[in-house]
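**Q** Handing you a structure now.
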Amino acid sequence: MTSSTEGRERPDTASEPAAAGGTDGPAVVLVGPPGAGKSSVGAVLAARLGTTVRDTDEDIEKAAGKPIPDIFYDDGEPAFRALERAAVRAALAEHPGVLALGGGAVMDPGTRELLAAHRVVFLDVEMADAVKRVGLDAPRPLLAVNPRQQWRTLMEQRRPHYTEVARATVTTAGRTPDEVAELVLAALESHPA
């Protein structure tokens with residue numbers, strides 16, 4: 001993508017407030033693949049909005065009492081996805097701040113339906129930047145074998161869902177978390193409903 005931001009209004013969503021606090025659900029929900037910067041950008045956004053950040057991957061680990069790779073290996077991907085659906089549903093209902101979703105959460109049709117009522121921003125990243133940020137040798141179960149090819153395959157499957165749920169897309173290539181956060185805030189102002 002060559003543009004710094006790209007977004008679109010979704011006519012099927014109700015008008016929502018522009019700031020955290022007093023809202024139904026999160027101030028903003030960040031979606032995107034591993035290495036997009038959801039956690040780091042989420043922290044910057046939370047500080048700027050005067051709120052907190054919540055990561056559904058952390059919620060899943062707390063609920064399961066073990067790291068995500070262990071859930072995949074011990075219990076299987078279906079068990080992980082069930083925990084993920086529950087974590088996303090709870091966070092959307094309970095958390096008023098910035099919410100970062102795990103990279104695969106958008107693959108669930110029920111989750112996509114829930115996200116339609118929220119201010120969602122897709123943090124888009126190219127593989128080269130994702131590698132720099134997290135490395136593809138990190139303990140990520142779906143990237144365990146041939147990580148670069150797996151990342152490409154995941155993005156081919158997930159990109160349509162990221163764009164479906166997002167009110168705006170912000171590219172993160174070569175940008176700091178502060179720069180991305182600024183673009184997220186500008187995109188939300190440009191596409192408030």
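To be explicit about the labels: the chains of the structure tokens are called A, B, and onward in the order shown, and within each one the residues are counted from 1, while ligands get numbers from 1 in the order they are shown.
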Report as a count of residues only all protein, DNA and RNA residues lying within 9 Å of Val121 of chain A, evaluated on only C-alpha atoms, omitting residues in the same chain fewer than 5 positions from it.
**A** 17
**Q** Where does DSSP see alpha helix (DSSP H) in segment 36-123 of chain A, if you list the residues as a ChimeraX atom specification?
**A** /A:38-49,56-64,68-75,77-94,109-115
**Q** Show me, as a PyMOL selection string, the residues that have an atom within 12 Å of segment 112-114 of chain A when counting only C-alpha atoms, minus same-chain residues fewer than 6 positions from it.
**A** chain A and resi 12-13+25+29+31+85-86+88-93+101+104-106+120+158+160-166
**Q** Closest to Leu49 of chain A among A:Gly76, A:Gly102, A:Gly97, A:Gly35, using only C-alpha atoms?
**A**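 Ranking A:Gly76, A:Gly102, A:Gly97, A:Gly35 by distance to Leu49 of chain A, first place goes to A:Gly97.
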**Q** Which residue, A:Pro78, A:Gly110, A:Gly103, A:Pro69, has the smallest gap to Phe122 of chain A when you use only C-alpha atoms?
**A**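 That would be A:Gly103, the residue with the smallest distance to Phe122 of chain A.
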**Q** Just the number, please: distance in Å from atom CA of Ala47 of chain A to atom CA of Ala181 of chain A, one decimal.
**A**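 Computed distance, atom CA of Ala47 of chain A to atom CA of Ala181 of chain A, equals 10.2 Å.
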